[in-house]
>>> print(open('run-v1.cif').read())   # mmCIF, N, CA and C atoms
data_my_file
#
loop_
_atom_site.label_atom_id
_atom_site.label_comp_id
_atom_site.auth_asym_id
_atom_site.auth_seq_id
_atom_site.Cartn_x
_atom_site.Cartn_y
_atom_site.Cartn_z
N GLN V 287 -4.16 -4.90 19.06
CA GLN V 287 -4.86 -4.81 17.79
C GLN V 287 -4.47 -3.52 17.08
N VAL V 288 -4.45 -3.60 15.76
CA VAL V 288 -4.17 -2.45 14.92
C VAL V 288 -5.30 -2.33 13.92
N GLN V 289 -5.85 -1.14 13.81
CA GLN V 289 -6.85 -0.88 12.78
C GLN V 289 -6.20 -0.02 11.69
N LEU V 290 -6.41 -0.42 10.45
CA LEU V 290 -5.83 0.29 9.31
C LEU V 290 -6.96 0.80 8.41
N VAL V 291 -6.87 2.06 8.02
CA VAL V 291 -7.87 2.65 7.15
C VAL V 291 -7.17 3.35 6.00
N GLU V 292 -7.43 2.86 4.79
CA GLU V 292 -6.85 3.46 3.59
C GLU V 292 -7.74 4.58 3.07
N SER V 293 -7.12 5.51 2.39
CA SER V 293 -7.84 6.59 1.72
C SER V 293 -6.98 7.12 0.59
N GLY V 294 -7.59 7.94 -0.26
CA GLY V 294 -6.83 8.59 -1.32
C GLY V 294 -7.03 8.01 -2.70
N GLY V 295 -7.80 6.93 -2.80
CA GLY V 295 -8.06 6.37 -4.11
C GLY V 295 -8.98 7.25 -4.92
N GLY V 296 -9.13 6.89 -6.18
CA GLY V 296 -10.02 7.65 -7.04
C GLY V 296 -9.85 7.27 -8.49
N LEU V 297 -10.50 8.06 -9.34
CA LEU V 297 -10.44 7.88 -10.79
C LEU V 297 -9.50 8.93 -11.38
N VAL V 298 -8.47 8.47 -12.08
CA VAL V 298 -7.50 9.38 -12.69
C VAL V 298 -7.22 8.92 -14.11
N GLN V 299 -6.52 9.76 -14.85
CA GLN V 299 -6.12 9.39 -16.21
C GLN V 299 -4.70 8.84 -16.21
N ALA V 300 -4.40 8.09 -17.23
CA ALA V 300 -3.05 7.55 -17.38
C ALA V 300 -2.03 8.70 -17.35
N GLY V 301 -0.95 8.49 -16.60
CA GLY V 301 0.07 9.51 -16.46
C GLY V 301 -0.09 10.38 -15.22
N ASP V 302 -1.25 10.33 -14.60
CA ASP V 302 -1.50 11.13 -13.40
C ASP V 302 -0.85 10.49 -12.18
N SER V 303 -0.97 11.19 -11.07
CA SER V 303 -0.42 10.71 -9.80
C SER V 303 -1.52 10.66 -8.75
N LEU V 304 -1.32 9.80 -7.77
CA LEU V 304 -2.19 9.71 -6.60
C LEU V 304 -1.32 9.39 -5.40
N ARG V 305 -1.75 9.82 -4.23
CA ARG V 305 -1.09 9.41 -3.01
C ARG V 305 -2.11 8.72 -2.12
N LEU V 306 -1.87 7.48 -1.83
CA LEU V 306 -2.71 6.73 -0.91
C LEU V 306 -2.17 6.88 0.51
N SER V 307 -3.10 6.91 1.45
CA SER V 307 -2.74 6.97 2.86
C SER V 307 -3.30 5.76 3.58
N CYS V 308 -2.59 5.34 4.59
CA CYS V 308 -3.04 4.24 5.44
C CYS V 308 -2.84 4.70 6.88
N ALA V 309 -3.94 5.08 7.51
CA ALA V 309 -3.89 5.58 8.88
C ALA V 309 -4.12 4.43 9.84
N ALA V 310 -3.26 4.35 10.84
CA ALA V 310 -3.34 3.27 11.81
C ALA V 310 -3.77 3.78 13.17
N SER V 311 -4.47 2.94 13.90
CA SER V 311 -4.82 3.23 15.28
C SER V 311 -4.69 1.96 16.09
N GLY V 312 -4.51 2.14 17.38
CA GLY V 312 -4.40 1.00 18.26
C GLY V 312 -3.00 0.77 18.78
N ARG V 313 -2.03 0.87 17.89
CA ARG V 313 -0.63 0.69 18.29
C ARG V 313 0.25 1.51 17.36
N PRO V 314 1.41 1.92 17.81
CA PRO V 314 2.32 2.68 16.94
C PRO V 314 2.83 1.83 15.78
N LEU V 315 2.80 2.41 14.60
CA LEU V 315 3.28 1.69 13.43
C LEU V 315 4.80 1.51 13.42
N SER V 316 5.47 2.25 14.26
CA SER V 316 6.93 2.16 14.29
C SER V 316 7.40 0.76 14.64
N GLY V 317 6.55 -0.03 15.28
CA GLY V 317 6.92 -1.38 15.64
C GLY V 317 6.56 -2.42 14.60
N PHE V 318 6.09 -1.99 13.43
CA PHE V 318 5.61 -2.90 12.41
C PHE V 318 6.31 -2.68 11.08
N SER V 319 6.39 -3.75 10.31
CA SER V 319 6.68 -3.62 8.90
C SER V 319 5.35 -3.36 8.20
N MET V 320 5.40 -2.57 7.15
CA MET V 320 4.18 -2.19 6.44
C MET V 320 4.27 -2.56 4.97
N GLY V 321 3.13 -2.88 4.42
CA GLY V 321 3.11 -3.24 3.01
C GLY V 321 1.87 -2.70 2.32
N TRP V 322 1.99 -2.54 1.02
CA TRP V 322 0.86 -2.23 0.16
C TRP V 322 0.68 -3.39 -0.82
N PHE V 323 -0.57 -3.74 -1.01
CA PHE V 323 -0.93 -4.79 -1.93
C PHE V 323 -2.07 -4.28 -2.81
N ARG V 324 -2.35 -4.99 -3.88
CA ARG V 324 -3.48 -4.60 -4.73
C ARG V 324 -4.13 -5.83 -5.32
N GLN V 325 -5.39 -5.67 -5.65
CA GLN V 325 -6.14 -6.75 -6.26
C GLN V 325 -7.00 -6.19 -7.37
N ALA V 326 -6.72 -6.61 -8.58
CA ALA V 326 -7.50 -6.21 -9.73
C ALA V 326 -8.65 -7.19 -9.93
N PRO V 327 -9.70 -6.77 -10.63
CA PRO V 327 -10.84 -7.66 -10.85
C PRO V 327 -10.42 -8.98 -11.51
N GLY V 328 -10.85 -10.08 -10.92
CA GLY V 328 -10.54 -11.38 -11.49
C GLY V 328 -9.14 -11.88 -11.25
N LYS V 329 -8.36 -11.13 -10.48
CA LYS V 329 -6.97 -11.52 -10.23
C LYS V 329 -6.73 -11.69 -8.74
N GLU V 330 -5.64 -12.37 -8.42
CA GLU V 330 -5.27 -12.54 -7.02
C GLU V 330 -4.61 -11.28 -6.48
N ARG V 331 -4.67 -11.15 -5.17
CA ARG V 331 -4.00 -10.02 -4.53
C ARG V 331 -2.50 -10.15 -4.77
N GLU V 332 -1.86 -9.03 -5.07
CA GLU V 332 -0.42 -9.06 -5.34
C GLU V 332 0.31 -8.00 -4.53
N PHE V 333 1.55 -8.30 -4.25
CA PHE V 333 2.42 -7.38 -3.52
C PHE V 333 2.75 -6.16 -4.37
N VAL V 334 2.81 -5.00 -3.71
CA VAL V 334 3.18 -3.76 -4.39
C VAL V 334 4.45 -3.16 -3.78
N ALA V 335 4.44 -2.95 -2.46
CA ALA V 335 5.57 -2.26 -1.83
C ALA V 335 5.68 -2.67 -0.37
N PHE V 336 6.91 -2.59 0.14
CA PHE V 336 7.21 -2.98 1.52
C PHE V 336 8.06 -1.91 2.18
N SER V 337 7.76 -1.65 3.46
CA SER V 337 8.58 -0.72 4.25
C SER V 337 8.89 -1.38 5.58
N GLY V 338 10.17 -1.63 5.79
CA GLY V 338 10.63 -2.18 7.05
C GLY V 338 11.98 -1.58 7.35
N SER V 339 12.98 -2.40 7.54
CA SER V 339 14.33 -1.87 7.68
C SER V 339 14.81 -1.30 6.34
N SER V 340 14.21 -1.73 5.28
CA SER V 340 14.45 -1.18 3.95
C SER V 340 13.14 -1.20 3.19
N ALA V 341 13.16 -0.61 2.01
CA ALA V 341 11.96 -0.60 1.17
C ALA V 341 12.24 -1.39 -0.10
N TYR V 342 11.23 -2.09 -0.55
CA TYR V 342 11.35 -2.72 -1.87
C TYR V 342 9.99 -2.80 -2.53
N TYR V 343 10.03 -3.03 -3.83
CA TYR V 343 8.85 -2.85 -4.67
C TYR V 343 8.71 -3.99 -5.66
N ALA V 344 7.48 -4.19 -6.08
CA ALA V 344 7.24 -5.09 -7.20
C ALA V 344 7.87 -4.48 -8.45
N ASP V 345 8.34 -5.33 -9.33
CA ASP V 345 8.98 -4.84 -10.54
C ASP V 345 8.05 -3.95 -11.35
N SER V 346 6.76 -4.25 -11.31
CA SER V 346 5.79 -3.52 -12.12
C SER V 346 5.61 -2.07 -11.69
N VAL V 347 6.02 -1.74 -10.47
CA VAL V 347 5.83 -0.37 -9.98
C VAL V 347 7.15 0.31 -9.64
N LYS V 348 8.24 -0.42 -9.73
CA LYS V 348 9.54 0.13 -9.36
C LYS V 348 9.85 1.37 -10.21
N GLY V 349 10.27 2.43 -9.54
CA GLY V 349 10.58 3.67 -10.24
C GLY V 349 9.38 4.60 -10.38
N ARG V 350 8.18 4.08 -10.13
CA ARG V 350 6.97 4.91 -10.24
C ARG V 350 6.30 5.12 -8.89
N PHE V 351 6.36 4.12 -8.02
CA PHE V 351 5.69 4.18 -6.72
C PHE V 351 6.75 4.32 -5.61
N THR V 352 6.36 5.03 -4.55
CA THR V 352 7.23 5.19 -3.39
C THR V 352 6.42 5.00 -2.12
N ILE V 353 6.91 4.11 -1.26
CA ILE V 353 6.29 3.91 0.05
C ILE V 353 7.04 4.75 1.08
N SER V 354 6.29 5.37 1.98
CA SER V 354 6.90 6.15 3.03
C SER V 354 6.01 6.07 4.26
N ARG V 355 6.56 6.48 5.37
CA ARG V 355 5.76 6.46 6.58
C ARG V 355 6.06 7.70 7.42
N ASP V 356 5.04 8.14 8.13
CA ASP V 356 5.16 9.25 9.08
C ASP V 356 4.76 8.70 10.43
N ASN V 357 5.76 8.34 11.22
CA ASN V 357 5.46 7.72 12.51
C ASN V 357 4.74 8.68 13.45
N ALA V 358 4.98 9.96 13.32
CA ALA V 358 4.30 10.93 14.18
C ALA V 358 2.80 10.94 13.90
N LYS V 359 2.42 10.68 12.65
CA LYS V 359 1.01 10.63 12.28
C LYS V 359 0.48 9.21 12.25
N ASN V 360 1.37 8.26 12.52
CA ASN V 360 0.98 6.84 12.49
C ASN V 360 0.33 6.48 11.15
N THR V 361 0.96 6.93 10.10
CA THR V 361 0.39 6.80 8.75
C THR V 361 1.47 6.35 7.77
N VAL V 362 1.07 5.49 6.86
CA VAL V 362 1.94 5.04 5.77
C VAL V 362 1.34 5.54 4.47
N TYR V 363 2.20 5.90 3.54
CA TYR V 363 1.75 6.45 2.27
C TYR V 363 2.26 5.61 1.11
N LEU V 364 1.55 5.70 0.01
CA LEU V 364 2.02 5.15 -1.24
C LEU V 364 1.85 6.23 -2.30
N GLN V 365 2.96 6.84 -2.70
CA GLN V 365 2.93 7.82 -3.77
C GLN V 365 3.02 7.09 -5.09
N MET V 366 2.04 7.30 -5.93
CA MET V 366 1.96 6.60 -7.21
C MET V 366 2.03 7.62 -8.33
N ASN V 367 3.08 7.55 -9.12
CA ASN V 367 3.28 8.46 -10.25
C ASN V 367 3.19 7.69 -11.56
N SER V 368 3.00 8.44 -12.63
CA SER V 368 2.94 7.84 -13.97
C SER V 368 2.02 6.63 -14.00
N LEU V 369 0.82 6.82 -13.50
CA LEU V 369 -0.12 5.71 -13.39
C LEU V 369 -0.51 5.18 -14.76
N LYS V 370 -0.73 3.88 -14.79
CA LYS V 370 -1.11 3.18 -16.02
C LYS V 370 -2.45 2.49 -15.80
N PRO V 371 -3.19 2.23 -16.88
CA PRO V 371 -4.47 1.51 -16.72
C PRO V 371 -4.30 0.18 -15.98
N GLU V 372 -3.18 -0.48 -16.15
CA GLU V 372 -2.97 -1.76 -15.47
C GLU V 372 -2.72 -1.61 -13.97
N ASP V 373 -2.62 -0.38 -13.49
CA ASP V 373 -2.54 -0.16 -12.05
C ASP V 373 -3.92 -0.15 -11.39
N THR V 374 -4.96 -0.21 -12.21
CA THR V 374 -6.33 -0.23 -11.68
C THR V 374 -6.53 -1.43 -10.78
N ALA V 375 -6.96 -1.17 -9.54
CA ALA V 375 -7.13 -2.24 -8.56
C ALA V 375 -7.66 -1.64 -7.26
N VAL V 376 -8.03 -2.51 -6.36
CA VAL V 376 -8.26 -2.11 -4.98
C VAL V 376 -6.93 -2.25 -4.25
N TYR V 377 -6.52 -1.19 -3.59
CA TYR V 377 -5.24 -1.17 -2.90
C TYR V 377 -5.45 -1.33 -1.39
N PHE V 378 -4.67 -2.23 -0.83
CA PHE V 378 -4.76 -2.53 0.60
C PHE V 378 -3.43 -2.25 1.28
N CYS V 379 -3.49 -1.73 2.50
CA CYS V 379 -2.29 -1.71 3.30
C CYS V 379 -2.36 -2.82 4.34
N ALA V 380 -1.20 -3.23 4.79
CA ALA V 380 -1.11 -4.32 5.75
C ALA V 380 0.05 -4.08 6.69
N ALA V 381 -0.04 -4.65 7.88
CA ALA V 381 1.00 -4.50 8.88
C ALA V 381 1.35 -5.87 9.45
N LYS V 382 2.64 -6.04 9.76
CA LYS V 382 3.05 -7.26 10.43
C LYS V 382 4.18 -6.94 11.39
N THR V 383 4.25 -7.73 12.44
CA THR V 383 5.36 -7.58 13.36
C THR V 383 6.64 -8.01 12.65
N THR V 384 7.74 -7.51 13.12
CA THR V 384 9.01 -7.65 12.40
C THR V 384 9.34 -9.11 12.09
N HIS V 385 9.11 -10.00 13.01
CA HIS V 385 9.54 -11.39 12.83
C HIS V 385 8.41 -12.31 12.39
N SER V 386 7.26 -11.72 12.06
CA SER V 386 6.15 -12.54 11.61
C SER V 386 6.28 -12.85 10.13
N SER V 387 5.92 -14.06 9.75
CA SER V 387 5.93 -14.42 8.34
C SER V 387 4.61 -14.08 7.67
N ASN V 388 3.60 -13.78 8.47
CA ASN V 388 2.28 -13.45 7.95
C ASN V 388 1.95 -11.99 8.22
N TRP V 389 1.12 -11.44 7.34
CA TRP V 389 0.61 -10.09 7.56
C TRP V 389 -0.53 -10.19 8.56
N ASN V 390 -0.35 -9.51 9.69
CA ASN V 390 -1.28 -9.65 10.80
C ASN V 390 -2.54 -8.81 10.66
N TYR V 391 -2.41 -7.65 10.05
CA TYR V 391 -3.51 -6.70 9.99
C TYR V 391 -3.67 -6.17 8.57
N TRP V 392 -4.92 -5.98 8.18
CA TRP V 392 -5.25 -5.48 6.85
C TRP V 392 -6.26 -4.36 6.93
N GLY V 393 -6.16 -3.42 6.01
CA GLY V 393 -7.19 -2.41 5.86
C GLY V 393 -8.29 -2.92 4.95
N GLN V 394 -9.29 -2.08 4.73
CA GLN V 394 -10.46 -2.48 3.94
C GLN V 394 -10.28 -2.23 2.46
N GLY V 395 -9.25 -1.45 2.11
CA GLY V 395 -8.96 -1.20 0.71
C GLY V 395 -9.52 0.11 0.20
N THR V 396 -8.86 0.63 -0.84
CA THR V 396 -9.33 1.83 -1.51
C THR V 396 -9.18 1.62 -3.02
N GLN V 397 -10.19 2.02 -3.77
CA GLN V 397 -10.22 1.76 -5.20
C GLN V 397 -9.40 2.80 -5.97
N VAL V 398 -8.56 2.32 -6.84
CA VAL V 398 -7.83 3.17 -7.77
C VAL V 398 -8.20 2.74 -9.18
N THR V 399 -8.68 3.68 -9.97
CA THR V 399 -9.05 3.41 -11.35
C THR V 399 -8.30 4.37 -12.26
N VAL V 400 -7.57 3.81 -13.22
CA VAL V 400 -6.78 4.63 -14.14
C VAL V 400 -7.36 4.43 -15.53
N SER V 401 -7.84 5.51 -16.11
CA SER V 401 -8.42 5.43 -17.45
C SER V 401 -7.35 5.74 -18.50
N SER V 402 -7.52 5.17 -19.66
CA SER V 402 -6.54 5.37 -20.74
C SER V 402 -6.88 6.58 -21.59
#
>>> encode(input="run-v1.cif", output="C-alpha cells")
Amino acid sequence: QVQLVESGGGLVQAGDSLRLSCAASGRPLSGFSMGWFRQAPGKEREFVAFSGSSAYYADSVKGRFTISRDNAKNTVYLQMNSLKPEDTAVYFCAAKTTHSSNWNYWGQGTQVTVSS
C-alpha cells in the first residue's frame, strides 16, 4: 500500500507561483510512475503532469508547470508558475506501477485558487 498526502495549495493571484508536494509513505516512490491531476468545480478530473521514464504535460500547463521527484524524501512536486484563474482546482497526485494501465493510489487533494 502507498499513502499519498498533498500539500502546498492555497490562494494566490494570477501570475504567482506555487509548489505542490506529494509525500508518500508505505513504499518507495522510485518504483512508481507519478502523476498530477486536477478537478475544477463542475468539471471532470483531468491530467496535468506525468513523471516516469520521461515527463510530459497537458498542453494547458506546458511551459508553466514542472513535475519533479525527490526519491530520498519519497516526495513528488509540482512547480506551478505563471498561474492563471483557469488553473483553479483541487490538485491530486497519483501513483501507479510501471506496467499498470490504472492509477493505483490517490491522495486526498489540495485546493489551488488563483484570483484574477
>>> closest_residue(input="run-v1.cif", among="V:Gly301, V:Gly328, V:Gly296, V:Gly317", to="V:Asn360", atoms="only C-alpha atoms")
V:Gly317
>>> resolve_selection(input="run-v1.cif", expression="the PyMOL selection byres ((chain V and resi 320) around 8)", output="PDB file with N, CA and C atoms, in the coordinates of the input")
ATOM      1  N   LEU V 315       2.800   2.410  14.600  1.00  0.00           N
ATOM      2  CA  LEU V 315       3.280   1.690  13.430  1.00  0.00           C
ATOM      3  C   LEU V 315       4.800   1.510  13.420  1.00  0.00           C
ATOM      4  N   GLY V 317       6.550  -0.030  15.280  1.00  0.00           N
ATOM      5  CA  GLY V 317       6.920  -1.380  15.640  1.00  0.00           C
ATOM      6  C   GLY V 317       6.560  -2.420  14.600  1.00  0.00           C
ATOM      7  N   PHE V 318       6.090  -1.990  13.430  1.00  0.00           N
ATOM      8  CA  PHE V 318       5.610  -2.900  12.410  1.00  0.00           C
ATOM      9  C   PHE V 318       6.310  -2.680  11.080  1.00  0.00           C
ATOM     10  N   SER V 319       6.390  -3.750  10.310  1.00  0.00           N
ATOM     11  CA  SER V 319       6.680  -3.620   8.900  1.00  0.00           C
ATOM     12  C   SER V 319       5.350  -3.360   8.200  1.00  0.00           C
ATOM     13  N   GLY V 321       3.130  -2.880   4.420  1.00  0.00           N
ATOM     14  CA  GLY V 321       3.110  -3.240   3.010  1.00  0.00           C
ATOM     15  C   GLY V 321       1.870  -2.700   2.320  1.00  0.00           C
ATOM     16  N   TRP V 322       1.990  -2.540   1.020  1.00  0.00           N
ATOM     17  CA  TRP V 322       0.860  -2.230   0.160  1.00  0.00           C
ATOM     18  C   TRP V 322       0.680  -3.390  -0.820  1.00  0.00           C
ATOM     19  N   PHE V 323      -0.570  -3.740  -1.010  1.00  0.00           N
ATOM     20  CA  PHE V 323      -0.930  -4.790  -1.930  1.00  0.00           C
ATOM     21  C   PHE V 323      -2.070  -4.280  -2.810  1.00  0.00           C
ATOM     22  N   ALA V 335       4.440  -2.950  -2.460  1.00  0.00           N
ATOM     23  CA  ALA V 335       5.570  -2.260  -1.830  1.00  0.00           C
ATOM     24  C   ALA V 335       5.680  -2.670  -0.370  1.00  0.00           C
ATOM     25  N   PHE V 336       6.910  -2.590   0.140  1.00  0.00           N
ATOM     26  CA  PHE V 336       7.210  -2.980   1.520  1.00  0.00           C
ATOM     27  C   PHE V 336       8.060  -1.910   2.180  1.00  0.00           C
ATOM     28  N   SER V 337       7.760  -1.650   3.460  1.00  0.00           N
ATOM     29  CA  SER V 337       8.580  -0.720   4.250  1.00  0.00           C
ATOM     30  C   SER V 337       8.890  -1.380   5.580  1.00  0.00           C
ATOM     31  N   GLY V 338      10.170  -1.630   5.790  1.00  0.00           N
ATOM     32  CA  GLY V 338      10.630  -2.180   7.050  1.00  0.00           C
ATOM     33  C   GLY V 338      11.980  -1.580   7.350  1.00  0.00           C
ATOM     34  N   SER V 339      12.980  -2.400   7.540  1.00  0.00           N
ATOM     35  CA  SER V 339      14.330  -1.870   7.680  1.00  0.00           C
ATOM     36  C   SER V 339      14.810  -1.300   6.340  1.00  0.00           C
ATOM     37  N   VAL V 362       1.070   5.490   6.860  1.00  0.00           N
ATOM     38  CA  VAL V 362       1.940   5.040   5.770  1.00  0.00           C
ATOM     39  C   VAL V 362       1.340   5.540   4.470  1.00  0.00           C
ATOM     40  N   CYS V 379      -3.490  -1.730   2.500  1.00  0.00           N
ATOM     41  CA  CYS V 379      -2.290  -1.710   3.300  1.00  0.00           C
ATOM     42  C   CYS V 379      -2.360  -2.820   4.340  1.00  0.00           C
ATOM     43  N   ALA V 380      -1.200  -3.230   4.790  1.00  0.00           N
ATOM     44  CA  ALA V 380      -1.110  -4.320   5.750  1.00  0.00           C
ATOM     45  C   ALA V 380       0.050  -4.080   6.690  1.00  0.00           C
ATOM     46  N   ALA V 381      -0.040  -4.650   7.880  1.00  0.00           N
ATOM     47  CA  ALA V 381       1.000  -4.500   8.880  1.00  0.00           C
ATOM     48  C   ALA V 381       1.350  -5.870   9.450  1.00  0.00           C
ATOM     49  N   LYS V 382       2.640  -6.040   9.760  1.00  0.00           N
ATOM     50  CA  LYS V 382       3.050  -7.260  10.430  1.00  0.00           C
ATOM     51  C   LYS V 382       4.180  -6.940  11.390  1.00  0.00           C
ATOM     52  N   THR V 383       4.250  -7.730  12.440  1.00  0.00           N
ATOM     53  CA  THR V 383       5.360  -7.580  13.360  1.00  0.00           C
ATOM     54  C   THR V 383       6.640  -8.010  12.650  1.00  0.00           C
TER      55      THR V 383
END
>>> resolve_selection(input="run-v1.cif", expression="the PyMOL selection byres (((chain V and resi 348 and name CA) around 12) and name CA)", output="PyMOL selection string")
chain V and resi 333-336+341-347+349-353+365-369
>>> select_by_dssp(input="run-v1.cif", residues="chain V", states="strand (DSSP E or B)", output="MDAnalysis selection string")
chainID V and resid 289:293 296:299 304:311 318:325 332:337 341:343 351:356 361:366 375:383 391:392 396:401
>>> residues_around(input="run-v1.cif", residues="V:Lys359", least_positions_apart="2", cutoff="10 Å", atoms="only C-alpha atoms", output="PyMOL selection string")
chain V and resi 309-311+314-315+355-357+361-362
>>> closest_residue(input="run-v1.cif", among="V:Cys308, V:Arg324, V:Ala358, V:Lys329", to="V:Leu290", atoms="only C-alpha atoms")
V:Cys308
>>> closest_residue(input="run-v1.cif", among="V:Gln287, V:Ser316, V:Glu372, V:Ala300", to="V:Thr384", atoms="only C-alpha atoms")
V:Ser316
>>> atom_distance(input="run-v1.cif", atom1="atom CA of V:Thr399", atom2="atom CA of V:Ser340")
28.4 Å
>>> residues_around(input="run-v1.cif", residues="V:Asp373", least_positions_apart="5", cutoff="8 Å", atoms="only N, CA and C atoms", output="list in words")
Gln325, Ala326, Val398, Thr399 and Val400 of chain V
>>> write_last_selection(input="run-v1.cif", atoms="N, CA and C atoms", output="mmCIF file, keeping the file's coordinate frame")
data_model
loop_
_atom_site.group_PDB
_atom_site.id
_atom_site.type_symbol
_atom_site.label_atom_id
_atom_site.label_comp_id
_atom_site.auth_asym_id
_atom_site.auth_seq_id
_atom_site.Cartn_x
_atom_site.Cartn_y
_atom_site.Cartn_z
ATOM 1 N N GLN V 325 -5.390 -5.670 -5.650
ATOM 2 C CA GLN V 325 -6.140 -6.750 -6.260
ATOM 3 C C GLN V 325 -7.000 -6.190 -7.370
ATOM 4 N N ALA V 326 -6.720 -6.610 -8.580
ATOM 5 C CA ALA V 326 -7.500 -6.210 -9.730
ATOM 6 C C ALA V 326 -8.650 -7.190 -9.930
ATOM 7 N N VAL V 398 -8.560 2.320 -6.840
ATOM 8 C CA VAL V 398 -7.830 3.170 -7.770
ATOM 9 C C VAL V 398 -8.200 2.740 -9.180
ATOM 10 N N THR V 399 -8.680 3.680 -9.970
ATOM 11 C CA THR V 399 -9.050 3.410 -11.350
ATOM 12 C C THR V 399 -8.300 4.370 -12.260
ATOM 13 N N VAL V 400 -7.570 3.810 -13.220
ATOM 14 C CA VAL V 400 -6.780 4.630 -14.140
ATOM 15 C C VAL V 400 -7.360 4.430 -15.530
#
>>> decode(input="run-v1.cif", residues="stretch 318-361 of chain V", atoms="C-alpha atoms", output="mmCIF file, in the first residue's frame")
data_model
loop_
_atom_site.group_PDB
_atom_site.id
_atom_site.type_symbol
_atom_site.label_atom_id
_atom_site.label_comp_id
_atom_site.auth_asym_id
_atom_site.auth_seq_id
_atom_site.Cartn_x
_atom_site.Cartn_y
_atom_site.Cartn_z
ATOM 1 C CA PHE V 318 6.181 4.015 -9.379
ATOM 2 C CA SER V 319 5.154 6.344 -12.118
ATOM 3 C CA MET V 320 3.655 9.504 -10.664
ATOM 4 C CA GLY V 321 1.055 11.886 -11.924
ATOM 5 C CA TRP V 322 -0.711 15.099 -11.038
ATOM 6 C CA PHE V 323 -4.335 15.641 -11.880
ATOM 7 C CA ARG V 324 -6.829 18.393 -11.139
ATOM 8 C CA GLN V 325 -10.549 18.832 -10.870
ATOM 9 C CA ALA V 326 -12.268 22.169 -11.163
ATOM 10 C CA PRO V 327 -15.803 22.740 -9.855
ATOM 11 C CA GLY V 328 -18.359 21.160 -12.160
ATOM 12 C CA LYS V 329 -15.703 19.558 -14.334
ATOM 13 C CA GLU V 330 -14.181 16.121 -14.652
ATOM 14 C CA ARG V 331 -10.776 15.299 -13.268
ATOM 15 C CA GLU V 332 -8.095 15.996 -15.853
ATOM 16 C CA PHE V 333 -4.488 15.039 -16.355
ATOM 17 C CA VAL V 334 -1.838 17.655 -15.582
ATOM 18 C CA ALA V 335 1.610 16.055 -15.489
ATOM 19 C CA PHE V 336 3.357 12.683 -15.545
ATOM 20 C CA SER V 337 6.727 11.503 -14.253
ATOM 21 C CA GLY V 338 8.042 8.109 -15.231
ATOM 22 C CA SER V 339 10.862 7.255 -17.574
ATOM 23 C CA SER V 340 10.106 10.679 -19.014
ATOM 24 C CA ALA V 341 7.922 13.620 -18.131
ATOM 25 C CA TYR V 342 5.027 15.030 -20.071
ATOM 26 C CA TYR V 343 2.343 17.597 -19.521
ATOM 27 C CA ALA V 344 -1.100 18.660 -20.537
ATOM 28 C CA ASP V 345 -0.972 21.299 -23.239
ATOM 29 C CA SER V 346 -2.690 23.766 -20.922
ATOM 30 C CA VAL V 347 0.223 23.752 -18.465
ATOM 31 C CA LYS V 348 3.174 23.007 -20.729
ATOM 32 C CA GLY V 349 5.941 25.547 -20.198
ATOM 33 C CA ARG V 350 4.450 26.737 -16.899
ATOM 34 C CA PHE V 351 4.362 23.621 -14.694
ATOM 35 C CA THR V 352 7.203 21.241 -13.859
ATOM 36 C CA ILE V 353 6.927 17.841 -12.208
ATOM 37 C CA SER V 354 9.884 16.546 -10.243
ATOM 38 C CA ARG V 355 10.595 13.966 -7.622
ATOM 39 C CA ASP V 356 12.979 13.550 -4.705
ATOM 40 C CA ASN V 357 13.324 9.842 -4.111
ATOM 41 C CA ALA V 358 15.341 10.414 -0.939
ATOM 42 C CA LYS V 359 12.353 12.272 0.523
ATOM 43 C CA ASN V 360 9.830 9.999 -1.185
ATOM 44 C CA THR V 361 8.116 13.126 -2.454
#
